[in-house]
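Below is one structure, written out as C-alpha cells; the observations come after it.
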2 protein chains.
Amino acid sequence: MPEDSMDKPSIVTCTAPVNIAVIKYWGKRDEDLILPINSSLSVTLHQDQLKTTTTVAINRSFQEDRLWLNGKEEDITHQRLQSCLREIRRLARKRRSDGDARSEDSVGLSHKVHICSVNNFPTAAGLASSAAGFACLVYTLAQAFGVEGELSGIARQGSGSACRSMYGGFVQWIMGSKEDGNDSVAQQVEPESHWPELRILVLVVSSERKPIGSTSGMQTSVQTSLLLQHRAEAVVPRRMVDMIEAVRRKDFPAFAELTMKDSNQFHATCLDTHPPIFYLNSVSQQIIHLVHRYNKYCGETRVAYSFDAGPNAVIFTLQQFVPEFVQLVQHFFPPDRNGEDFIKGLPVKGAALSMELKQNIGLEPVPKGINYIISTKAGPGPRVVDDPSQHLLSAEGLPKKTTV
Amino acid sequence: MPEDSMDKPSIVTCTAPVNIAVIKYWGKRDEDLILPINSSLSVTLHQDQLKTTTTVAINRSFQEDRLWLNGKEEDITHQRLQSCLREIRRLARKRRSDGDARSEDSVGLSHKVHICSVNNFPTAAGLASSAAGFACLVYTLAQAFGVEGELSGIARQGSGSACRSMYGGFVQWIMGSKEDGNDSVAQQVEPESHWPELRILVLVVSSERKPIGSTSGMQTSVQTSLLLQHRAEAVVPRRMVDMIEAVRRKDFPAFAELTMKDSNQFHATCLDTHPPIFYLNSVSQQIIHLVHRYNKYCGETRVAYSFDAGPNAVIFTLQQFVPEFVQLVQHFFPPDRNGEDFIKGLPVKGAALSMELKQNIGLEPVPKGINYIISTKAGPGPRVVDDPSQHLLSAEGLPKKTTV
C-alpha cells in the first residue's frame with residue numbers, strides 16, 4: 001500500500017436508483033434476514049430523476065464508523081446498517097484469505113468508514129427512500145472494500161426491496177427457500193433498454209397524515225390477515241410467471257392489468273389486517289377511478305397505477321399516451337400555481353382534451369389534490385461516479401459544506 | 001267465501017325489519033335462485049327505529065297486479081318481485097290441493113293483488129332497504145294467501161339478505177348445498193331477548209357519490225377477485241362457528257373483534273375486485289380509526305363497526321358504553337346544528353369526555369362528516385299489524401292519501 005494512502009482516505013462515490021414493485025412484496029418469513037413470503041418484481045426508475053448518492057471514505061486515522069444522511073449525522077449502530085457493513089467486511093476478508101491479488105491493494109479491513117448519503121428527491125415525496133439508500137450503501141461499500149459479485153443478498157438485509165435496486169430495468173426478487181436466505185436474491189429480467197416506450201409518472205399526492213411504516217405494517221399483516229398467506233402461496237407464483245412474460249413480450253395491456261390487480265390486492269391485504277391499514281386516501285381512489293374510466297373510454301388499457309405504502313400513485317403508460325393523460329390529471333386535479341413546476345423530470349408535451357373525454361370521465365375535480373408529477377422512465381442500476389468533485393466527503397472524511 | 005268478501009278486498013298489513021350482517025354475504029353461486037357462496041350471520045334491528053310496512057289487498061275485481069313503493073307506483077314485472085309472487089301462489093295452491101281446510105277460507109288464487117309498501121327511514125340513510133322490503137312483501141303475501149311455514153327461502157329469491165329479515169334477534173343464513181336452493185334458508189340463532197345489553201348505532205355518513213350497487217358489485221367480485229373464493233371456502237366456515245359461539249355466550253369482545261375483521265375482509269375483497277370497488281370513504285376510515293383508538297385507550301374492546309355496501313357505519317356496543325362513545329362521535333364529527341336532531345331513536349344520555357381521552361384519540365375533527373345517528377337495538381321479526389287504520393291501501397285497494 002503506498003505511503004500516502006495511509007493519510008488520505010480512500011474515497012468512492014456511487015449512485016443507486018429507486019424501484020417500484022409491480023408484483024408487490026408484503027410480509028417477511030424471517031424478520032432478521034429479511035426473507036419475504038413471496039417473490040416480487042419491480043421496475044427500476046431512472047436516476048436522472050430519482051437517485052441516492054453515497055460517498056464512502058476509509059482511513060486508518062478514523063476513530064469510528066460514522067454516517068450522515070441528508071446532511072444530518074445519524075446513529076450508525078442501527079441493526080440493519082450494521083448487517084450490511086458486517087457482510088461487506090466479511091466478503092472482503094474472504095477475498096483476502098482466498099488470496100485474491102487485487103484485494104492486497106484494497107484498504108485495511110480494520111479501518112473505520114465514514115458514510116455520507118443524500119437523496120435528490122424530497123422525503124415528502126413519500127417514495128420509499130430506503131431501497132435506493134441501502135442499495136447505494138452496499139454498492140458503494142463494496143467498491144470501497146474491493147468486493148465484487150452478488151451483492152443483492154446483502155442489500156436485502158438492509159431493506160428487503162433494496163435488493164431490487166441493485167439492477168436496472170425489470171428486476172425480480174426471487175424469494176428463495178433456504179433458511180440462511182442465500183438464495184433470496186434479485187435478478188434482472190430485462191435491461192432498461194428493453195422497453196424504451198414505457199413511461200412512468202409519479203403523482204405526488206397531498207396528505208396530512210403520515211401512514212403506518214411498512215416494516216410494522218407488514219408484520220401486523222403477516223400476523224393477522226387470513227388473505228395474505230393465500231395471496232403469497234396461491235396467487236403470486238402464477239402472477240410472477242405472467243408478469244415476466246408480459247415484460248418480455250412488451251405486452252402493455254397484460255403488464256398494466258396485472259400491475260393494477262396486484263397493487264389492489266396488496267392494499268386489500270392491508271385492509272384485511274387487524275386493525276386495518278389504509279394507505280389509499282380519497283385522492284388515491286380518485287386517481288384509480290380516473291385511470292379505469294380513461295382506459296374504458298379509450299377502449300384499451302393505456303394507463304396503469306400502482307400504489308406502495310402511501311397515497312402516491314405511480315403511473316405506467318406508453319410514451320404516446322403521456323401528453324393526454326398528464327393533461328387529464330391536470331384537469332381533474334387542478335394545481336395551485338397554473339401548472340408551473342407541476343411537472344418535473346422528463347418534459348411532457350401539451351395536449352388538448354375533448355369535451356367528450358372530460359364528460360365521459362365524469363369525476364368532480366379535486367383542486368390541489370396532487371402536488372406535482374415526476375415524469376420518468378426505466379433506468380440503469382447503481383453506478384460509480386468518476387468525477388472526484390462529486391464526492392460528498394472531503395479529503396478529511398467529513399461532509400462537504402454543500403451537503404450539510 | 002262470504003258474499004261481501006267478493007266485493008271488498010281482503011287486506012292485510014305487516015311490518016318487517018332491517019338486518020345488519022356481522023358475517024358478510026358477498027357473492028352468489030346462482031344468480032337466478034340467489035344462492036350465496038358462503039353462509040352469513042346478522043342482527044335484526046328493532047322496528048321501532050327502522051322498518052318496512054306493507055299492505056297487500058286481494059280482490060277478484062282487480063284487473064292486474066299493482067305495486068306502490070314509498071308512494072310511487074312501480075313496475076311489478078321486475079323478475080325478483082315476480083319470483084316471490086309466483087312462489088307464494090305456488091305454496092297456496094299446494095295447500096289447497098293438499099286439502100287444508102283453512103285454505104278454503106282464503107281468497108281466490110287467481111285474484112290479482114295490490115301491494116303498497118313504505119319505509120320509515122329515508123333512502124338517503126343508505127341502509128339496504130331491499131332486505132326489509134322483500135321480507136315484508138313475502139311475509140304479507142303469505143298472510144294474505146294463508147300460507148305458513150318456511151318462508152325465508154322465498155324472501156331470499158327477492159333479495160338474498162331478505163331471508164335474514166324473516167326472523168328477529170340473531171339470524172344465520174345457511175348457504176346450503178342443493179342445486180334447487182331448498183336448503184338455503186335462514187334460521188334464528190338466538191332471539192332478540194337473548195342479549196338485552198347490546199346496542200346498535202347507525203352512523204349516517206355524508207356522501208356525494210352513489211356507490212356501485214351490491215348486485216353488480218358482487219357479480220364482478222365473484223368473477224375477478226382471487227381472494228373472495230378463498231374467503232368463502234376457507235375463512236367464513238370457521239368464522240360462522242366462532243360467531244355463533246360468541247353470540248350464544250354473549251362474549252362482546254369476541255363478537256366485536258370478529259365483526260370488525262369480517263367487515264374489513266368483505267371490503268378487502270371489494271378492493272381485490274377488478275376494477276376495484278370502494279365503499280369506505282374518508283369519514284368511514286376515520287370512524288374505523290376512532291373505534292380502534294377508543295378500544296385501545298379503554299384497554300378492552302367496547303365498540304365494533306361494520307360497513308355494508310356504502311360508507312355508513314353500524315356500531316355495536318354495550319348499553320353502558322353508549323353515552324361516552326356517542327359523545328366522542330359528536331366531538332370528532334361535530335354536527336351542523338348544535339347536536340339538535342343529531343341522535344334519532346333510543347335516547348342517549350349525555351357524557352363528559354376527559355381531555356386525556358380526546359388527546360389519546362388524536363384525530364382531526366371532521367365537521368359535518370356524520371349527518372345523524374340512529375340509536376337502536378336488536379329487535380323481533382316481521383309482525384302482522386292488527387289495527388285496520390294502519391292499512392296503506394283503502395277499501396278500494398288504492399293507496400291512502402297519507403301514504404302517497
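All residue names refer to the C-alpha cells as shown: chains lettered A, B, ... in order, residues numbered from 1 in each chain, ligands numbered from 1 in order.
Near range 258-273 of chain B, within 7 Å and counting only C-alpha atoms, sit A:Lys261, A:Asn264, A:Gln265, A:Ala268, A:Thr269, A:Leu271, A:Asp272, A:His274, B:Val22, B:Ile23, B:Lys24, B:Thr220, B:Ser221, B:Thr224, B:Ser225, B:Leu227, B:Leu228, B:Ala254, B:Ile277, B:Phe278, B:Ala304, B:Tyr305, B:Ser306, B:Phe307, not including residues fewer than 4 positions from it in the same chain.
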So that I can check the surroundings of Val204 in chain A, please list as a PDB file with N, CA, C and O atoms, in the first residue's frame every protein, DNA and RNA residue that reaches within 6 Å of it, counting only C-alpha atoms and ignoring chain neighbours fewer than 4 positions away.
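After the write, result22.pdb holds the following:
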ATOM      1  N   ALA A 125     -41.905  13.407  -0.808  1.00  0.00           N
ATOM      2  CA  ALA A 125     -42.490  12.772  -1.992  1.00  0.00           C
ATOM      3  C   ALA A 125     -43.071  11.412  -1.628  1.00  0.00           C
ATOM      4  O   ALA A 125     -43.811  10.820  -2.393  1.00  0.00           O
ATOM      5  N   ASN A 312     -49.359   8.091  -2.723  1.00  0.00           N
ATOM      6  CA  ASN A 312     -48.859   8.480  -4.051  1.00  0.00           C
ATOM      7  C   ASN A 312     -49.089   7.404  -5.102  1.00  0.00           C
ATOM      8  O   ASN A 312     -48.859   6.232  -4.842  1.00  0.00           O
ATOM      9  N   ILE A 370     -53.179  16.808  -6.119  1.00  0.00           N
ATOM     10  CA  ILE A 370     -51.844  16.293  -6.457  1.00  0.00           C
ATOM     11  C   ILE A 370     -50.860  17.456  -6.404  1.00  0.00           C
ATOM     12  O   ILE A 370     -51.094  18.502  -7.021  1.00  0.00           O
ATOM     13  N   ASN A 371     -49.764  17.290  -5.667  1.00  0.00           N
ATOM     14  CA  ASN A 371     -48.785  18.374  -5.517  1.00  0.00           C
ATOM     15  C   ASN A 371     -47.968  18.599  -6.777  1.00  0.00           C
ATOM     16  O   ASN A 371     -47.794  19.724  -7.224  1.00  0.00           O
ATOM     17  N   TYR A 372     -47.423  17.501  -7.330  1.00  0.00           N
ATOM     18  CA  TYR A 372     -46.685  17.599  -8.584  1.00  0.00           C
ATOM     19  C   TYR A 372     -46.495  16.212  -9.174  1.00  0.00           C
ATOM     20  O   TYR A 372     -46.801  15.197  -8.518  1.00  0.00           O
TER      21      TYR A 372
END
Contact residues around Ser206 in chain B with only C-alpha atoms at 12 Å, ignoring same-chain residues under 6 positions, as JSON, numbers by chain | {"B": [124, 125, 126, 280, 281, 282, 283, 284, 310, 311, 312, 313, 333, 335, 336, 366, 367, 368, 369, 370, 371, 372, 373]}
Considering only C-alpha atoms, return as a VMD selection string whatever protein or nucleic-acid residues lie within 6 Å of range 37-45 of chain B, sequence-local ones (same chain, fewer than 6 positions apart) excluded.
-> chain B and resid 18 to 25 27 to 29 168 to 175 232 377 to 379
Separation of CA of Gln285 in chain B from CA of Thr317 in chain B in Å = 18.5 Å
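What separates CA of Glu150 in chain B from CA of Ala186 in chain B is a distance of 9.0 Å.
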re CA of Leu392 in chain B and CA of Phe134 in chain B: distance 16.6 Å
Selected residue, from B:Asn295, B:Gln320, B:Ser214, B:Gln219, that lies nearest to chain A when counting only C-alpha atoms |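 Nearest to chain A: B:Asn295.
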Contacts of range 86-95 of chain B at 8 Å or less, counting only C-alpha atoms, minus same-chain residues fewer than 2 places along, as a PyMOL selection string?
-> chain B and resi 82-84+97-100+103+109+138+141-142+145-147+154
Dump as an mmCIF file, in the first residue's frame, selection limited to N, CA, C and O atoms:
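Writing done, so here's result00.cif:
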data_model
loop_
_atom_site.group_PDB
_atom_site.id
_atom_site.type_symbol
_atom_site.label_atom_id
_atom_site.label_comp_id
_atom_site.auth_asym_id
_atom_site.auth_seq_id
_atom_site.Cartn_x
_atom_site.Cartn_y
_atom_site.Cartn_z
ATOM 1 N N GLN B 82 -91.604 -10.923 -9.185
ATOM 2 C CA GLN B 82 -92.414 -11.988 -9.780
ATOM 3 C C GLN B 82 -92.063 -13.347 -9.168
ATOM 4 O O GLN B 82 -92.946 -14.177 -8.960
ATOM 5 N N SER B 83 -90.768 -13.563 -8.879
ATOM 6 C CA SER B 83 -90.362 -14.816 -8.232
ATOM 7 C C SER B 83 -91.102 -14.999 -6.912
ATOM 8 O O SER B 83 -91.625 -16.081 -6.615
ATOM 9 N N CYS B 84 -91.147 -13.928 -6.107
ATOM 10 C CA CYS B 84 -91.781 -14.016 -4.791
ATOM 11 C C CYS B 84 -93.287 -14.260 -4.920
ATOM 12 O O CYS B 84 -93.849 -15.119 -4.235
ATOM 13 N N SER B 97 -104.545 -27.962 -2.665
ATOM 14 C CA SER B 97 -104.619 -29.314 -3.241
ATOM 15 C C SER B 97 -104.336 -30.383 -2.183
ATOM 16 O O SER B 97 -104.791 -31.515 -2.297
ATOM 17 N N ASP B 98 -103.614 -29.985 -1.134
ATOM 18 C CA ASP B 98 -103.365 -30.926 -0.035
ATOM 19 C C ASP B 98 -104.606 -31.073 0.852
ATOM 20 O O ASP B 98 -104.604 -31.841 1.803
ATOM 21 N N GLY B 99 -105.639 -30.276 0.533
ATOM 22 C CA GLY B 99 -106.914 -30.407 1.246
ATOM 23 C C GLY B 99 -106.917 -29.731 2.606
ATOM 24 O O GLY B 99 -107.684 -30.090 3.485
ATOM 25 N N ASP B 100 -106.062 -28.717 2.797
ATOM 26 C CA ASP B 100 -106.063 -27.985 4.057
ATOM 27 C C ASP B 100 -107.383 -27.220 4.158
ATOM 28 O O ASP B 100 -107.705 -26.386 3.320
ATOM 29 N N SER B 103 -107.520 -23.376 3.999
ATOM 30 C CA SER B 103 -107.234 -22.680 2.749
ATOM 31 C C SER B 103 -108.513 -22.420 1.951
ATOM 32 O O SER B 103 -108.538 -21.570 1.071
ATOM 33 N N LEU B 109 -107.076 -17.826 -5.640
ATOM 34 C CA LEU B 109 -105.667 -17.792 -6.040
ATOM 35 C C LEU B 109 -105.471 -17.080 -7.365
ATOM 36 O O LEU B 109 -104.389 -16.615 -7.678
ATOM 37 N N VAL B 138 -92.941 -10.755 1.251
ATOM 38 C CA VAL B 138 -93.195 -12.197 1.313
ATOM 39 C C VAL B 138 -94.043 -12.530 2.543
ATOM 40 O O VAL B 138 -94.995 -13.323 2.453
ATOM 41 N N LEU B 141 -97.670 -11.217 1.842
ATOM 42 C CA LEU B 141 -98.327 -12.060 0.830
ATOM 43 C C LEU B 141 -98.728 -13.402 1.441
ATOM 44 O O LEU B 141 -99.825 -13.917 1.187
ATOM 45 N N ALA B 142 -97.829 -13.962 2.250
ATOM 46 C CA ALA B 142 -98.106 -15.259 2.878
ATOM 47 C C ALA B 142 -99.342 -15.162 3.775
ATOM 48 O O ALA B 142 -100.201 -16.049 3.770
ATOM 49 N N PHE B 145 -102.473 -14.863 1.529
ATOM 50 C CA PHE B 145 -102.827 -16.102 0.837
ATOM 51 C C PHE B 145 -102.957 -17.287 1.800
ATOM 52 O O PHE B 145 -103.134 -18.420 1.366
ATOM 53 N N GLY B 146 -102.824 -17.014 3.109
ATOM 54 C CA GLY B 146 -102.973 -18.081 4.093
ATOM 55 C C GLY B 146 -101.885 -19.134 4.043
ATOM 56 O O GLY B 146 -102.122 -20.309 4.284
ATOM 57 N N VAL B 147 -100.694 -18.708 3.716
ATOM 58 C CA VAL B 147 -99.573 -19.646 3.627
ATOM 59 C C VAL B 147 -98.744 -19.568 4.904
ATOM 60 O O VAL B 147 -98.486 -18.476 5.409
ATOM 61 N N ILE B 154 -88.197 -18.100 0.197
ATOM 62 C CA ILE B 154 -88.873 -17.274 -0.820
ATOM 63 C C ILE B 154 -88.348 -15.837 -0.754
ATOM 64 O O ILE B 154 -88.045 -15.226 -1.772
#
Please give the complete set of residues from range 200-397 of chain B that DSSP, run on the backbone, assigns to alpha helix (DSSP H), formatted as a PyMOL selection string.
-> chain B and resi 214-224+226-230+236-248+252-271+282-298+322-332+355-361
Spatial neighbours of Val329 in chain B, max dist 9 Å, only C-alpha atoms, sep filter under 4 positions, as a list in words | Ile287, Leu290, Glu324, Phe325, Phe333, Pro334 and Ile370 of chain B
Contacts of Arg383 in chain A at 12 Å or less, counting only C-alpha atoms, minus same-chain residues fewer than 2 places along, as a VMD selection string?
-> chain A and resid 12 to 17 46 to 47 51 to 55 135 to 140 142 to 143 165 to 168 379 to 381 385 to 387
Selected residues written out, N, CA, C and O atoms, as a compact mmCIF listing (two decimals), in the first residue's frame:
# COMPACT_ATOMS: atom_id res chain seq x y z
N VAL A 12 -14.81 6.74 -2.37
CA VAL A 12 -15.55 6.33 -3.57
C VAL A 12 -17.00 6.82 -3.44
O VAL A 12 -17.55 6.87 -2.33
N THR A 13 -17.55 7.26 -4.56
CA THR A 13 -18.93 7.76 -4.58
C THR A 13 -19.73 7.00 -5.64
O THR A 13 -19.23 6.79 -6.76
N CYS A 14 -20.95 6.59 -5.29
CA CYS A 14 -21.83 5.87 -6.23
C CYS A 14 -23.25 6.41 -6.12
O CYS A 14 -23.59 7.10 -5.16
N THR A 15 -24.04 6.07 -7.11
CA THR A 15 -25.47 6.41 -7.07
C THR A 15 -26.28 5.14 -7.25
O THR A 15 -25.80 4.18 -7.86
N ALA A 16 -27.51 5.15 -6.74
CA ALA A 16 -28.40 3.99 -6.91
C ALA A 16 -29.83 4.47 -7.10
O ALA A 16 -30.20 5.55 -6.62
N PRO A 17 -30.63 3.65 -7.77
CA PRO A 17 -31.99 4.08 -8.13
C PRO A 17 -33.07 3.62 -7.14
O PRO A 17 -32.87 2.71 -6.35
N HIS A 46 -35.42 5.79 -13.43
CA HIS A 46 -34.20 6.41 -13.94
C HIS A 46 -33.60 7.37 -12.91
O HIS A 46 -34.30 8.16 -12.30
N GLN A 47 -32.28 7.28 -12.79
CA GLN A 47 -31.59 8.11 -11.79
C GLN A 47 -31.49 9.58 -12.19
O GLN A 47 -31.16 10.42 -11.35
N LYS A 51 -32.62 9.48 -7.38
CA LYS A 51 -31.47 8.66 -7.01
C LYS A 51 -30.96 9.01 -5.62
O LYS A 51 -31.24 10.07 -5.07
N THR A 52 -30.23 8.06 -5.08
CA THR A 52 -29.47 8.30 -3.86
C THR A 52 -27.99 8.36 -4.26
O THR A 52 -27.55 7.58 -5.11
N THR A 53 -27.25 9.29 -3.69
CA THR A 53 -25.80 9.36 -3.89
C THR A 53 -25.12 9.10 -2.54
O THR A 53 -25.54 9.66 -1.52
N THR A 54 -24.14 8.23 -2.56
CA THR A 54 -23.44 7.88 -1.31
C THR A 54 -21.93 7.92 -1.51
O THR A 54 -21.43 7.43 -2.53
N THR A 55 -21.24 8.55 -0.58
CA THR A 55 -19.78 8.54 -0.58
C THR A 55 -19.31 7.74 0.64
O THR A 55 -19.84 7.93 1.74
N ALA A 135 -29.36 0.12 -1.21
CA ALA A 135 -28.68 -0.36 -2.42
C ALA A 135 -27.41 0.45 -2.64
O ALA A 135 -26.34 -0.10 -2.93
N CYS A 136 -27.52 1.76 -2.46
CA CYS A 136 -26.37 2.63 -2.69
C CYS A 136 -25.30 2.38 -1.64
O CYS A 136 -24.09 2.34 -1.96
N LEU A 137 -25.69 2.21 -0.41
CA LEU A 137 -24.74 1.94 0.68
C LEU A 137 -23.92 0.68 0.38
O LEU A 137 -22.69 0.68 0.44
N VAL A 138 -24.64 -0.40 0.05
CA VAL A 138 -23.97 -1.69 -0.17
C VAL A 138 -23.08 -1.62 -1.41
O VAL A 138 -21.93 -2.10 -1.40
N TYR A 139 -23.59 -1.00 -2.47
CA TYR A 139 -22.82 -0.90 -3.71
C TYR A 139 -21.54 -0.09 -3.48
O TYR A 139 -20.45 -0.46 -3.94
N THR A 140 -21.67 1.01 -2.74
CA THR A 140 -20.52 1.89 -2.52
C THR A 140 -19.51 1.25 -1.57
O THR A 140 -18.29 1.31 -1.79
N ALA A 142 -19.05 -1.89 -1.24
CA ALA A 142 -18.41 -2.97 -2.00
C ALA A 142 -17.27 -2.42 -2.85
O ALA A 142 -16.19 -3.01 -2.94
N GLN A 143 -17.52 -1.25 -3.47
CA GLN A 143 -16.47 -0.61 -4.26
C GLN A 143 -15.29 -0.23 -3.36
O GLN A 143 -14.13 -0.46 -3.70
N SER A 165 -33.08 -2.76 -6.21
CA SER A 165 -32.43 -1.54 -6.71
C SER A 165 -30.98 -1.79 -7.10
O SER A 165 -30.29 -0.87 -7.53
N MET A 166 -30.49 -3.03 -6.97
CA MET A 166 -29.11 -3.36 -7.36
C MET A 166 -28.99 -3.61 -8.86
O MET A 166 -27.89 -3.81 -9.37
N TYR A 167 -30.15 -3.63 -9.56
CA TYR A 167 -30.13 -3.83 -11.01
C TYR A 167 -31.01 -2.81 -11.70
O TYR A 167 -31.95 -2.28 -11.11
N GLY A 168 -30.72 -2.56 -12.97
CA GLY A 168 -31.54 -1.66 -13.76
C GLY A 168 -32.66 -2.42 -14.46
O GLY A 168 -32.70 -3.65 -14.45
N GLY A 379 -34.69 2.83 -15.77
CA GLY A 379 -33.30 3.26 -15.83
C GLY A 379 -32.33 2.18 -15.35
O GLY A 379 -32.75 1.08 -14.99
N PRO A 380 -31.03 2.52 -15.38
CA PRO A 380 -29.99 1.54 -15.04
C PRO A 380 -29.82 1.35 -13.53
O PRO A 380 -30.37 2.11 -12.74
N GLY A 381 -29.02 0.40 -13.17
CA GLY A 381 -28.71 0.10 -11.77
C GLY A 381 -27.66 1.04 -11.21
O GLY A 381 -27.33 2.08 -11.81
N VAL A 385 -19.48 7.03 -9.53
CA VAL A 385 -19.31 8.40 -10.02
C VAL A 385 -17.81 8.67 -10.13
O VAL A 385 -17.09 8.63 -9.13
N ASP A 386 -17.34 8.93 -11.36
CA ASP A 386 -15.89 9.06 -11.57
C ASP A 386 -15.35 10.42 -11.15
O ASP A 386 -14.21 10.53 -10.71
N ASP A 387 -16.16 11.45 -11.29
CA ASP A 387 -15.72 12.82 -11.02
C ASP A 387 -15.53 13.04 -9.52
O ASP A 387 -16.49 13.04 -8.75
DSSP strand (DSSP E or B) selection over range 168-267 of chain B, as a ChimeraX atom specification | /B:170-173,186-190,198-205
The residue from B:Arg293, B:His114, B:Lys250, B:Arg164 with the smallest atom-to-atom distance to chain A, counting only C-alpha atoms, is B:Arg293
Hey, which of B:Arg239, B:Arg249, B:Arg302, B:Lys358 ends up closest to chain A? Count only C-alpha atoms.
->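 Among B:Arg239, B:Arg249, B:Arg302, B:Lys358, it is B:Arg239 that comes nearest to chain A.
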Closest to Ala352 in chain B among B:Arg248, B:Arg238, B:His331, B:His111, using only C-alpha atoms?
->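 Result for the nearest residue to Ala352 in chain B: B:His331.
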Using only C-alpha atoms, the shortest atom-to-atom distance to Gln63 in chain B among B:Gly397, B:Gln359, B:Val322, B:Phe255 belongs to B:Gly397
